Amino acid sequence: MAIVETAGKVDGKGRHLGYKLLIAYFIALKIWFDLTVAPMGDESYYWMWGQFPGLSYFDHPPFHAWMLGLVSKILGWNALSLRALTWVCLLGTGWVFWLWAKRLQPHDPEGWFWPSAALYLATPVFFLMTTMVFHDYLMVFLCILAFHFFLDFVDGWEGGSSRVRSLYLGALFLGLATLTKYNAALLGFGFGLLVLLRPGLRSLLGNPHLYLAALLSVAIQTPVLVWNVANAMASFGFHMGTRLTGSVTNLHYLHPLDFVANMAGLVLGPFLFIALFRMLKDRSGSIFEERARALGLTIFAVSTAAMLVLSLFLYVYFYWNIVGYLAVMAIALRYLGQRWLMRLHLGFGAVMAFILTANFALLPAAFAVGAQDSGTQANYGWEEVAAEVDALRTTYPDAFLSATRYTYAAQLGFQLRETEILPLNSLKDQYDYWLDEADYAGRDAIVLADAAFPIDFAQRQFAACERVRDVVVERFSIRVWTYRLYHCTGFVPAGSAT
């Protein structure tokens, strides 16, 4: 018996207690994360963007930074303020899921809503990326809104009513999602593909509203376009040029396999991955569900195909295809099939969510197998680092603060509530647009480094560097990471270094 057919009877009298408790478990893990994990590298980095309002930024578009800047003005500078928007977006996502449930199972919307919400939170990519304050949590929520309104428009258009308002709302939220992170545009291409493929939508090709809605989405990107024109197309060049290290004669043919293996094994989980294949051929459900399935599959197909092609040129991180994954969430519940498959997915997700949270809140998960994970380990101990840097300032009161990576500069800056900590490395980042090395010429510095990003590059820009202190970070008497603090003298800006 399919899960959606029994969902209303799972706990008796339609209470769905098991799903509610599981959702409470995932929410508790998110609270644990928020209360115990210091702002991580990219979280701190994006917070700094909010302290420097601009039309756009080197790494990504500006909407998330604008929101963080607004939050900092309203709630102040602290870790809970940093992560406050994740809760707003989670509540908003729940609201959209409820609207879907009332359309997908009108006789018992709770019977769809509670298991579907549990399924969503149990999917590792969504649990993690809606907990951390990367751009993805905001982009996901805005894409869910865009999907919702595009679906409402499709349902109306094919059902004989125009619902043009929903088309424009979908375009608006698509534009804002793309103004948050570039890959949100894939949702728009997926919607466009659906218009081309479905006979009931092809009449839109002669309707001006379709093109005006597309123009609205594009117009919202004006700040990004203006910023890129003013900065030699730096952001577009970074994403479309610098990152693409492959060539037609030197492609990474195994990367697509790695991408699919990660999707099946960890990102979606093996049981939800199985459900994707049922989605391709199943025709059960209402006409509204069939339309949701069609829209979800076209977006998933466009996004996944784009990532497979991209993986030939560079390594595609597990969350880059998140637009494709979220597009099938509206109706994923039906395609998990028998109740045991749903239970396996929920169990897998519950375990993965605990591991992912404990990885940052207790100890790096890599330690369990005797491995090292510098990216995770270097997120521990920033309160201790900030305290040691403050202590060194009494010894070197005229020294400016520096770090060997932009994330370290941001993490130290977040703890000290300072925005002008100079990264010194070979990577271009947003700090290059905020801080001018010439302003620090001839000065001494306290430089933060570690084994992953040592002092080597930075010390070339000083007359001399002396290692003055190590900050050993321990948890449960286990050494997690060691930071190195240097006192360097006679800074020479890169443009004048010899």
# chains A, B, ... in the order shown; residues from 1 in each chain; ligands from 1
>>> residues_around(residues="A:Asp439", least_positions_apart="4", cutoff="12 Å", atoms="only C-alpha atoms", output="count of residues only")
10
>>> closest_residue(among="A:Leu427, A:Ser286, A:Arg405, A:Thr482", to="A:Val447", atoms="only C-alpha atoms")
A:Arg405
>>> atom_distance(atom1="atom CA of A:Thr394", atom2="atom CA of A:Tyr483")
19.2 Å
>>> residues_around(residues="stretch 125-128 of chain A", least_positions_apart="3", cutoff="8 Å", atoms="only C-alpha atoms", output="ChimeraX atom specification")
/A:26,120-122,131-132,267-268,318-319,322,353,356
>>> closest_residue(among="A:Tyr25, A:Tyr433, A:Trp32, A:Phe273", to="A:Phe360", atoms="only C-alpha atoms")
A:Trp32
>>> closest_residue(among="A:Phe33, A:Tyr325, A:Trp98, A:Tyr486", to="A:Leu362", atoms="only C-alpha atoms")
A:Phe33
>>> closest_residue(among="A:Gly349, A:Gly495, A:Gly206, A:Gly111", to="A:Leu272", atoms="only C-alpha atoms")
A:Gly349
>>> atom_distance(atom1="atom CA of A:Ile287", atom2="atom CA of A:Val302")
22.8 Å
>>> closest_residue(among="A:Leu257, A:Arg393, A:Pro270, A:Asp282", to="A:Val309", atoms="only C-alpha atoms")
A:Leu257
>>> closest_residue(among="A:Gly296, A:Gly50, A:Gly381, A:Gly347", to="A:Phe189", atoms="only C-alpha atoms")
A:Gly296
>>> select_by_dssp(residues="stretch 347-481 of chain A", states="alpha helix (DSSP H)", output="JSON, numbers by chain")
{"A": [347, 348, 349, 350, 351, 352, 353, 354, 355, 356, 357, 358, 359, 360, 361, 374, 375, 376, 377, 382, 383, 384, 385, 386, 387, 388, 389, 390, 391, 392, 393, 394, 395, 406, 407, 408, 409, 410, 411, 412, 413, 414, 415, 416, 431, 432, 433, 434, 456, 457, 458, 459]}
>>> select_by_dssp(residues="stretch 235-458 of chain A", states="strand (DSSP E)", output="ChimeraX atom specification")
/A:400-403,422-423,445-450
>>> write_last_selection(atoms="C-alpha atoms", output="short mmCIF file (atom, residue, chain, number, x, y, z; two decimals), in the first residue's frame")
data_model
loop_
_atom_site.label_atom_id
_atom_site.label_comp_id
_atom_site.auth_asym_id
_atom_site.auth_seq_id
_atom_site.Cartn_x
_atom_site.Cartn_y
_atom_site.Cartn_z
CA PHE A 400 47.04 45.45 11.77
CA LEU A 401 45.28 42.08 11.60
CA SER A 402 45.71 39.68 8.71
CA ALA A 403 45.00 36.05 7.82
CA LEU A 422 43.36 41.76 5.47
CA PRO A 423 43.61 38.33 3.77
CA ALA A 445 50.87 42.83 11.40
CA ILE A 446 49.53 39.98 13.47
CA VAL A 447 48.98 37.23 10.91
CA LEU A 448 46.77 34.19 11.46
CA ALA A 449 47.76 30.98 9.65
CA ASP A 450 47.55 27.20 10.02
#
>>> atom_distance(atom1="atom CA of A:Arg469", atom2="atom CA of A:Phe453")
16.1 Å
>>> decode(residues="stretch 145-294 of chain A", atoms="C-alpha atoms", output="tab-separated table (two decimals), in the first residue's frame")
chain	number	residue	atom	x	y	z
A	145	LEU	CA	8.05	30.09	-4.06
A	146	ALA	CA	8.85	30.43	-7.77
A	147	PHE	CA	7.98	26.76	-8.36
A	148	HIS	CA	4.74	27.19	-6.42
A	149	PHE	CA	3.54	30.13	-8.49
A	150	PHE	CA	4.68	28.66	-11.81
A	151	LEU	CA	2.81	25.47	-10.93
A	152	ASP	CA	-0.30	27.44	-10.03
A	153	PHE	CA	-0.05	29.24	-13.36
A	154	VAL	CA	0.37	25.98	-15.31
A	155	ASP	CA	-2.56	24.43	-13.49
A	156	GLY	CA	-4.72	27.44	-14.28
A	157	TRP	CA	-3.62	27.83	-17.90
A	158	GLU	CA	-4.21	24.18	-18.76
A	159	GLY	CA	-7.45	24.26	-16.80
A	160	GLY	CA	-8.86	27.19	-18.74
A	161	SER	CA	-8.06	30.18	-16.50
A	162	SER	CA	-5.09	32.45	-17.15
A	163	ARG	CA	-3.77	33.14	-13.60
A	164	VAL	CA	-1.30	35.61	-15.11
A	165	ARG	CA	-0.67	37.03	-11.64
A	166	SER	CA	0.93	33.71	-10.63
A	167	LEU	CA	3.15	33.80	-13.73
A	168	TYR	CA	4.52	37.20	-12.71
A	169	LEU	CA	4.91	36.18	-9.07
A	170	GLY	CA	6.84	33.12	-10.20
A	171	ALA	CA	9.07	35.34	-12.33
A	172	LEU	CA	9.56	37.73	-9.43
A	173	PHE	CA	10.72	35.03	-7.03
A	174	LEU	CA	12.82	33.38	-9.73
A	175	GLY	CA	14.53	36.73	-10.26
A	176	LEU	CA	15.18	37.14	-6.54
A	177	ALA	CA	16.46	33.55	-6.30
A	178	THR	CA	18.89	34.20	-9.17
A	179	LEU	CA	19.86	37.47	-7.49
A	180	THR	CA	20.83	35.24	-4.55
A	181	LYS	CA	22.77	32.58	-6.45
A	182	TYR	CA	23.31	32.12	-10.16
A	183	ASN	CA	22.24	28.49	-10.45
A	184	ALA	CA	18.64	29.42	-9.55
A	185	ALA	CA	18.31	30.41	-13.22
A	186	LEU	CA	18.13	26.70	-14.03
A	187	LEU	CA	14.61	26.67	-12.61
A	188	GLY	CA	13.61	29.22	-15.23
A	189	PHE	CA	15.11	27.14	-18.02
A	190	GLY	CA	13.24	24.11	-16.68
A	191	PHE	CA	9.96	26.03	-16.78
A	192	GLY	CA	10.77	27.15	-20.32
A	193	LEU	CA	11.38	23.54	-21.35
A	194	LEU	CA	7.99	22.56	-19.94
A	195	VAL	CA	6.32	25.25	-22.06
A	196	LEU	CA	8.00	23.82	-25.15
A	197	LEU	CA	7.17	20.19	-24.35
A	198	ARG	CA	3.56	20.34	-23.16
A	199	PRO	CA	0.94	20.81	-25.87
A	200	GLY	CA	-1.34	22.60	-23.42
A	201	LEU	CA	1.29	25.27	-22.79
A	202	ARG	CA	2.66	25.90	-26.27
A	203	SER	CA	0.08	28.58	-26.93
A	204	LEU	CA	2.04	30.64	-24.41
A	205	LEU	CA	4.77	31.06	-27.01
A	206	GLY	CA	2.55	33.60	-28.71
A	207	ASN	CA	1.49	35.31	-25.50
A	208	PRO	CA	3.32	38.51	-24.49
A	209	HIS	CA	2.91	37.76	-20.78
A	210	LEU	CA	5.43	34.93	-21.02
A	211	TYR	CA	8.10	37.25	-22.40
A	212	LEU	CA	7.24	40.09	-20.04
A	213	ALA	CA	7.56	37.70	-17.09
A	214	ALA	CA	10.94	36.52	-18.39
A	215	LEU	CA	11.98	40.16	-18.80
A	216	LEU	CA	11.02	40.79	-15.17
A	217	SER	CA	13.31	38.00	-13.98
A	218	VAL	CA	16.15	39.32	-16.11
A	219	ALA	CA	15.57	42.94	-15.05
A	220	ILE	CA	15.99	41.95	-11.41
A	221	GLN	CA	19.59	41.00	-12.28
A	222	THR	CA	20.42	44.62	-13.18
A	223	PRO	CA	22.60	45.20	-10.07
A	224	VAL	CA	24.72	42.17	-11.00
A	225	LEU	CA	25.08	43.31	-14.60
A	226	VAL	CA	26.03	46.84	-13.59
A	227	TRP	CA	28.58	45.60	-11.05
A	228	ASN	CA	30.18	43.24	-13.57
A	229	VAL	CA	30.41	45.93	-16.23
A	230	ALA	CA	32.05	48.25	-13.72
A	231	ASN	CA	34.49	45.53	-12.61
A	232	ALA	CA	35.66	44.03	-15.91
A	233	MET	CA	33.08	41.20	-15.74
A	234	ALA	CA	34.94	39.81	-12.72
A	235	SER	CA	32.18	37.62	-11.27
A	236	PHE	CA	31.07	36.22	-14.62
A	237	GLY	CA	34.70	35.64	-15.53
A	238	PHE	CA	35.32	33.79	-12.29
A	239	HIS	CA	32.40	31.40	-12.73
A	240	MET	CA	32.61	30.95	-16.49
A	241	GLY	CA	36.37	31.12	-16.97
A	242	THR	CA	38.64	30.76	-13.94
A	243	ARG	CA	36.76	27.78	-12.52
A	244	LEU	CA	36.59	25.87	-15.81
A	245	THR	CA	39.95	24.16	-15.73
A	246	GLY	CA	39.18	21.42	-18.24
A	247	SER	CA	39.42	21.44	-22.03
A	248	VAL	CA	38.05	19.26	-24.81
A	249	THR	CA	41.30	17.29	-24.75
A	250	ASN	CA	41.55	17.05	-20.96
A	251	LEU	CA	38.08	16.35	-19.60
A	252	HIS	CA	37.32	14.78	-16.21
A	253	TYR	CA	35.39	11.76	-17.43
A	254	LEU	CA	35.02	10.20	-13.97
A	255	HIS	CA	33.56	13.30	-12.35
A	256	PRO	CA	30.03	12.67	-13.73
A	257	LEU	CA	30.11	9.22	-12.13
A	258	ASP	CA	31.22	10.75	-8.87
A	259	PHE	CA	28.41	13.30	-9.11
A	260	VAL	CA	25.77	10.58	-9.59
A	261	ALA	CA	27.27	8.39	-6.86
A	262	ASN	CA	27.14	11.27	-4.39
A	263	MET	CA	23.55	11.99	-5.37
A	264	ALA	CA	22.52	8.39	-4.81
A	265	GLY	CA	24.60	7.65	-1.73
A	266	LEU	CA	24.57	10.80	0.34
A	267	VAL	CA	22.93	13.90	-1.14
A	268	LEU	CA	19.40	12.55	-1.62
A	269	GLY	CA	19.97	9.24	0.10
A	270	PRO	CA	19.68	5.87	-1.66
A	271	PHE	CA	15.96	5.42	-0.98
A	272	LEU	CA	14.84	8.77	-2.36
A	273	PHE	CA	17.17	8.20	-5.32
A	274	ILE	CA	15.26	4.97	-6.04
A	275	ALA	CA	12.03	6.96	-5.97
A	276	LEU	CA	13.28	9.18	-8.80
A	277	PHE	CA	13.06	6.24	-11.21
A	278	ARG	CA	9.42	5.57	-10.24
A	279	MET	CA	8.68	9.23	-10.86
A	280	LEU	CA	9.72	8.87	-14.50
A	281	LYS	CA	6.96	6.38	-15.34
A	282	ASP	CA	4.24	6.70	-12.69
A	283	ARG	CA	1.02	8.42	-13.75
A	284	SER	CA	-1.01	8.07	-10.54
A	285	GLY	CA	-2.51	11.01	-8.69
A	286	SER	CA	-4.67	13.98	-9.62
A	287	ILE	CA	-4.24	16.22	-12.65
A	288	PHE	CA	-2.67	18.84	-10.36
A	289	GLU	CA	-0.13	16.26	-9.17
A	290	GLU	CA	0.61	15.26	-12.78
A	291	ARG	CA	1.38	18.90	-13.58
A	292	ALA	CA	3.56	19.22	-10.49
A	293	ARG	CA	5.38	16.07	-11.55
A	294	ALA	CA	5.93	17.38	-15.09
